[in-house]
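Student: My file is structure_22.cif. It has mmCIF, N, CA and C atoms:
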data_target
loop_
_atom_site.label_atom_id
_atom_site.label_comp_id
_atom_site.auth_asym_id
_atom_site.auth_seq_id
_atom_site.Cartn_x
_atom_site.Cartn_y
_atom_site.Cartn_z
N ILE H 1 9.08 -2.63 -3.33
CA ILE H 1 8.67 -1.42 -4.03
C ILE H 1 8.47 -0.35 -2.98
N VAL H 2 9.17 0.74 -3.11
CA VAL H 2 9.03 1.85 -2.17
C VAL H 2 8.66 3.09 -2.97
N PRO H 3 7.41 3.52 -2.88
CA PRO H 3 7.04 4.76 -3.57
C PRO H 3 7.77 5.94 -2.92
N ALA H 4 8.52 6.68 -3.68
CA ALA H 4 9.33 7.77 -3.14
C ALA H 4 8.58 9.08 -3.21
N ALA H 5 7.61 9.24 -2.36
CA ALA H 5 6.85 10.50 -2.30
C ALA H 5 7.74 11.57 -1.68
N SER H 6 7.53 12.80 -2.09
CA SER H 6 8.38 13.88 -1.60
C SER H 6 7.78 14.61 -0.41
N SER H 7 6.53 14.34 -0.08
CA SER H 7 5.92 15.02 1.06
C SER H 7 4.87 14.12 1.71
N SER H 8 4.52 14.47 2.94
CA SER H 8 3.53 13.66 3.65
C SER H 8 2.16 13.74 2.99
N SER H 9 1.92 14.79 2.20
CA SER H 9 0.62 14.89 1.53
C SER H 9 0.49 13.86 0.42
N GLU H 10 1.59 13.24 0.03
CA GLU H 10 1.54 12.21 -1.00
C GLU H 10 1.37 10.81 -0.41
N PHE H 11 1.03 10.75 0.87
CA PHE H 11 0.80 9.47 1.55
C PHE H 11 -0.29 8.67 0.85
N SER H 12 -1.27 9.36 0.28
CA SER H 12 -2.37 8.66 -0.38
C SER H 12 -1.86 7.81 -1.54
N GLY H 13 -0.81 8.25 -2.21
CA GLY H 13 -0.24 7.45 -3.30
C GLY H 13 0.33 6.15 -2.80
N ALA H 14 1.02 6.20 -1.66
CA ALA H 14 1.59 4.99 -1.08
C ALA H 14 0.49 4.03 -0.65
N THR H 15 -0.56 4.56 -0.05
CA THR H 15 -1.65 3.69 0.39
C THR H 15 -2.39 3.11 -0.80
N ARG H 16 -2.51 3.87 -1.87
CA ARG H 16 -3.17 3.36 -3.08
C ARG H 16 -2.38 2.19 -3.66
N ILE H 17 -1.05 2.35 -3.74
CA ILE H 17 -0.20 1.27 -4.24
C ILE H 17 -0.31 0.06 -3.32
N TYR H 18 -0.27 0.28 -2.01
CA TYR H 18 -0.38 -0.80 -1.03
C TYR H 18 -1.66 -1.62 -1.26
N TRP H 19 -2.81 -0.94 -1.31
CA TRP H 19 -4.07 -1.65 -1.44
C TRP H 19 -4.25 -2.28 -2.82
N THR H 20 -3.71 -1.67 -3.86
CA THR H 20 -3.78 -2.27 -5.19
C THR H 20 -3.01 -3.58 -5.21
N LEU H 21 -1.80 -3.58 -4.65
CA LEU H 21 -1.00 -4.81 -4.61
C LEU H 21 -1.61 -5.85 -3.69
N LYS H 22 -2.17 -5.42 -2.57
CA LYS H 22 -2.83 -6.35 -1.64
C LYS H 22 -4.05 -6.99 -2.31
N LEU H 23 -4.81 -6.20 -3.02
CA LEU H 23 -5.98 -6.72 -3.74
C LEU H 23 -5.56 -7.72 -4.81
N ALA H 24 -4.37 -7.51 -5.39
CA ALA H 24 -3.85 -8.40 -6.43
C ALA H 24 -3.27 -9.69 -5.85
N GLY H 25 -3.24 -9.81 -4.52
CA GLY H 25 -2.83 -11.05 -3.90
C GLY H 25 -1.47 -11.05 -3.24
N LEU H 26 -0.73 -9.94 -3.30
CA LEU H 26 0.55 -9.90 -2.62
C LEU H 26 0.33 -9.87 -1.11
N GLU H 27 1.18 -10.57 -0.38
CA GLU H 27 0.98 -10.74 1.05
C GLU H 27 1.86 -9.86 1.92
N HIS H 28 3.13 -9.77 1.61
CA HIS H 28 4.09 -9.13 2.51
C HIS H 28 4.31 -7.68 2.08
N LEU H 29 3.44 -6.81 2.55
CA LEU H 29 3.46 -5.40 2.17
C LEU H 29 3.58 -4.55 3.42
N ALA H 30 4.12 -3.37 3.26
CA ALA H 30 4.23 -2.44 4.38
C ALA H 30 4.31 -1.02 3.84
N ILE H 31 3.99 -0.08 4.69
CA ILE H 31 4.15 1.34 4.38
C ILE H 31 5.18 1.88 5.37
N LEU H 32 6.16 2.61 4.86
CA LEU H 32 7.22 3.14 5.73
C LEU H 32 6.65 4.12 6.74
N ASN H 33 6.97 3.90 8.01
CA ASN H 33 6.54 4.80 9.07
C ASN H 33 7.27 6.13 8.90
N GLY H 34 6.56 7.18 8.59
CA GLY H 34 7.18 8.48 8.37
C GLY H 34 7.47 8.76 6.91
N GLY H 35 7.29 7.76 6.06
CA GLY H 35 7.54 7.95 4.64
C GLY H 35 9.01 7.82 4.28
N TYR H 36 9.26 7.85 3.01
CA TYR H 36 10.60 7.66 2.46
C TYR H 36 11.59 8.71 2.99
N ARG H 37 11.18 9.96 3.03
CA ARG H 37 12.08 11.05 3.45
C ARG H 37 12.57 10.81 4.88
N VAL H 38 11.66 10.50 5.79
CA VAL H 38 12.03 10.27 7.20
C VAL H 38 12.90 9.02 7.32
N TRP H 39 12.52 7.97 6.63
CA TRP H 39 13.27 6.72 6.69
C TRP H 39 14.69 6.93 6.15
N ASN H 40 14.81 7.64 5.04
CA ASN H 40 16.11 7.88 4.42
C ASN H 40 17.00 8.78 5.30
N ALA H 41 16.41 9.67 6.07
CA ALA H 41 17.18 10.58 6.92
C ALA H 41 17.72 9.90 8.18
N ASP H 42 17.20 8.74 8.52
CA ASP H 42 17.63 8.02 9.72
C ASP H 42 19.00 7.37 9.47
N PRO H 43 20.03 7.75 10.23
CA PRO H 43 21.37 7.20 9.98
C PRO H 43 21.48 5.70 10.30
N SER H 44 20.52 5.15 11.02
CA SER H 44 20.59 3.72 11.34
C SER H 44 20.04 2.85 10.22
N THR H 45 19.48 3.47 9.19
CA THR H 45 18.99 2.70 8.04
C THR H 45 19.96 2.88 6.87
N THR H 46 19.97 1.92 6.01
CA THR H 46 20.82 2.02 4.82
C THR H 46 19.96 1.86 3.58
N LEU H 47 20.33 2.58 2.57
CA LEU H 47 19.65 2.48 1.29
C LEU H 47 20.61 1.90 0.26
N ALA H 48 20.17 0.90 -0.45
CA ALA H 48 20.98 0.37 -1.54
C ALA H 48 20.84 1.33 -2.72
N THR H 49 21.95 1.70 -3.29
CA THR H 49 21.91 2.61 -4.44
C THR H 49 22.21 1.88 -5.74
N ASP H 50 22.67 0.64 -5.62
CA ASP H 50 22.91 -0.12 -6.84
C ASP H 50 21.58 -0.59 -7.42
N LYS H 51 21.57 -0.80 -8.70
CA LYS H 51 20.35 -1.25 -9.37
C LYS H 51 20.46 -2.75 -9.60
N PRO H 52 19.58 -3.52 -8.98
CA PRO H 52 19.65 -4.97 -9.15
C PRO H 52 19.27 -5.36 -10.57
N GLU H 53 19.77 -6.51 -10.98
CA GLU H 53 19.39 -7.04 -12.28
C GLU H 53 17.91 -7.40 -12.24
N ILE H 54 17.20 -7.00 -13.24
CA ILE H 54 15.77 -7.31 -13.30
C ILE H 54 15.60 -8.59 -14.09
N VAL H 55 14.96 -9.56 -13.46
CA VAL H 55 14.73 -10.85 -14.08
C VAL H 55 13.24 -11.03 -14.29
N ALA H 56 12.87 -11.37 -15.49
CA ALA H 56 11.45 -11.59 -15.80
C ALA H 56 10.91 -12.75 -14.96
N ALA H 57 9.69 -12.62 -14.54
CA ALA H 57 9.05 -13.66 -13.74
C ALA H 57 7.59 -13.75 -14.12
N ASP H 58 7.01 -14.89 -13.87
CA ASP H 58 5.58 -15.06 -14.08
C ASP H 58 4.85 -14.63 -12.82
N PHE H 59 4.00 -13.65 -12.96
CA PHE H 59 3.18 -13.22 -11.84
C PHE H 59 1.73 -13.25 -12.29
N LYS H 60 0.94 -13.98 -11.57
CA LYS H 60 -0.48 -14.03 -11.86
C LYS H 60 -1.21 -13.46 -10.65
N ALA H 61 -1.85 -12.34 -10.86
CA ALA H 61 -2.60 -11.71 -9.77
C ALA H 61 -3.71 -12.65 -9.33
N GLN H 62 -3.87 -12.76 -8.03
CA GLN H 62 -4.95 -13.56 -7.44
C GLN H 62 -5.88 -12.58 -6.73
N LEU H 63 -6.89 -12.12 -7.45
CA LEU H 63 -7.82 -11.13 -6.90
C LEU H 63 -8.41 -11.62 -5.58
N ARG H 64 -8.42 -10.75 -4.59
CA ARG H 64 -8.96 -11.07 -3.28
C ARG H 64 -10.26 -10.28 -3.09
N PRO H 65 -11.37 -10.81 -3.61
CA PRO H 65 -12.63 -10.07 -3.57
C PRO H 65 -13.13 -9.78 -2.16
N GLY H 66 -12.65 -10.51 -1.17
CA GLY H 66 -13.06 -10.26 0.21
C GLY H 66 -12.58 -8.92 0.74
N LEU H 67 -11.67 -8.27 0.02
CA LEU H 67 -11.17 -6.96 0.43
C LEU H 67 -12.00 -5.82 -0.16
N LEU H 68 -12.94 -6.15 -1.00
CA LEU H 68 -13.76 -5.13 -1.66
C LEU H 68 -15.16 -5.06 -1.07
N VAL H 69 -15.72 -3.89 -1.06
CA VAL H 69 -17.13 -3.72 -0.73
C VAL H 69 -17.76 -2.85 -1.80
N SER H 70 -19.02 -3.05 -2.02
CA SER H 70 -19.73 -2.25 -3.01
C SER H 70 -20.30 -0.99 -2.35
N SER H 71 -20.72 -0.06 -3.16
CA SER H 71 -21.35 1.15 -2.60
C SER H 71 -22.64 0.78 -1.87
N ASP H 72 -23.33 -0.26 -2.34
CA ASP H 72 -24.54 -0.72 -1.63
C ASP H 72 -24.18 -1.26 -0.25
N ASP H 73 -23.07 -2.01 -0.16
CA ASP H 73 -22.61 -2.51 1.15
C ASP H 73 -22.35 -1.34 2.10
N VAL H 74 -21.68 -0.31 1.61
CA VAL H 74 -21.37 0.85 2.44
C VAL H 74 -22.65 1.51 2.91
N ARG H 75 -23.56 1.77 1.98
CA ARG H 75 -24.83 2.43 2.34
C ARG H 75 -25.61 1.63 3.37
N SER H 76 -25.63 0.32 3.21
CA SER H 76 -26.43 -0.51 4.11
C SER H 76 -25.86 -0.58 5.53
N HIS H 77 -24.61 -0.19 5.71
CA HIS H 77 -23.99 -0.27 7.04
C HIS H 77 -23.70 1.09 7.67
N LEU H 78 -24.01 2.16 7.00
CA LEU H 78 -23.68 3.49 7.52
C LEU H 78 -24.33 3.80 8.86
N ASP H 79 -25.53 3.33 9.07
CA ASP H 79 -26.27 3.68 10.27
C ASP H 79 -26.40 2.53 11.27
N ASP H 80 -25.60 1.47 11.10
CA ASP H 80 -25.77 0.33 12.00
C ASP H 80 -25.02 0.47 13.33
N GLY H 81 -24.22 1.52 13.49
CA GLY H 81 -23.54 1.77 14.75
C GLY H 81 -22.25 0.99 14.94
N SER H 82 -21.97 0.03 14.08
CA SER H 82 -20.75 -0.76 14.25
C SER H 82 -19.75 -0.54 13.11
N THR H 83 -20.10 0.29 12.16
CA THR H 83 -19.24 0.52 11.00
C THR H 83 -18.69 1.93 11.03
N VAL H 84 -17.40 2.03 10.78
CA VAL H 84 -16.75 3.34 10.69
C VAL H 84 -16.26 3.50 9.26
N LEU H 85 -16.65 4.56 8.63
CA LEU H 85 -16.23 4.85 7.27
C LEU H 85 -15.14 5.91 7.31
N LEU H 86 -13.98 5.56 6.81
CA LEU H 86 -12.85 6.51 6.81
C LEU H 86 -12.70 7.14 5.45
#
Please, can you express the file's structure as structure tokens?
Tutor:
Amino acid sequence: IVPAASSSSEFSGATRIYWTLKLAGLEHLAILNGGYRVWNADPSTTLATDKPEIVAADFKAQLRPGLLVSSDDVRSHLDDGSTVLL
């Protein structure tokens, strides 16, 4: 899945999709360095333009609660000197 954002300001959409899928248990995820536009402009990369056949599959999300923190967790660590909030 490659979110085709049209500008670098839409990077947040790609990261949102990344973390949503990661939280749902998917393992092999990446964000394109430079985004879709930069990647597509590189002549050494190729883009498939054909549409693959879509085959139904069973997917059961496996929630990874270790990737979540509560607002209380954030508040309790703001002043401990070892936590960086981005």
Student: Any chance you could resolve the PyMOL selection byres ((chain H and resi 20-33) around 6.5) against this file and give the residues as a PyMOL selection string?
Tutor: chain H and resi 15-19+34-36+39+60-64
Student: May I ask for the distance between CA of Thr46 (chain H) and CA of Phe11 (chain H), given in Å to one decimal place?
Tutor: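 Straight-line distance from CA of Thr46 (chain H) to CA of Phe11 (chain H) works out to 21.6 Å.
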Student: What is the distance between CA of Leu47 (chain H) and CA of Ala14 (chain H), in Å to one decimal?
Tutor: 18.4 Å
Student: Could you pull out the alpha helix (DSSP H) residues of chain H from DSSP and send them as an NGL selection string?
Tutor: :H and (11-23 or 35-41 or 71-77)
Student: State, in Å with one decimal place, the distance from atom N of Leu85 (chain H) to atom C of Ser12 (chain H).
Tutor: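 One can read the atom N of Leu85 (chain H) to atom C of Ser12 (chain H) distance as 18.2 Å.
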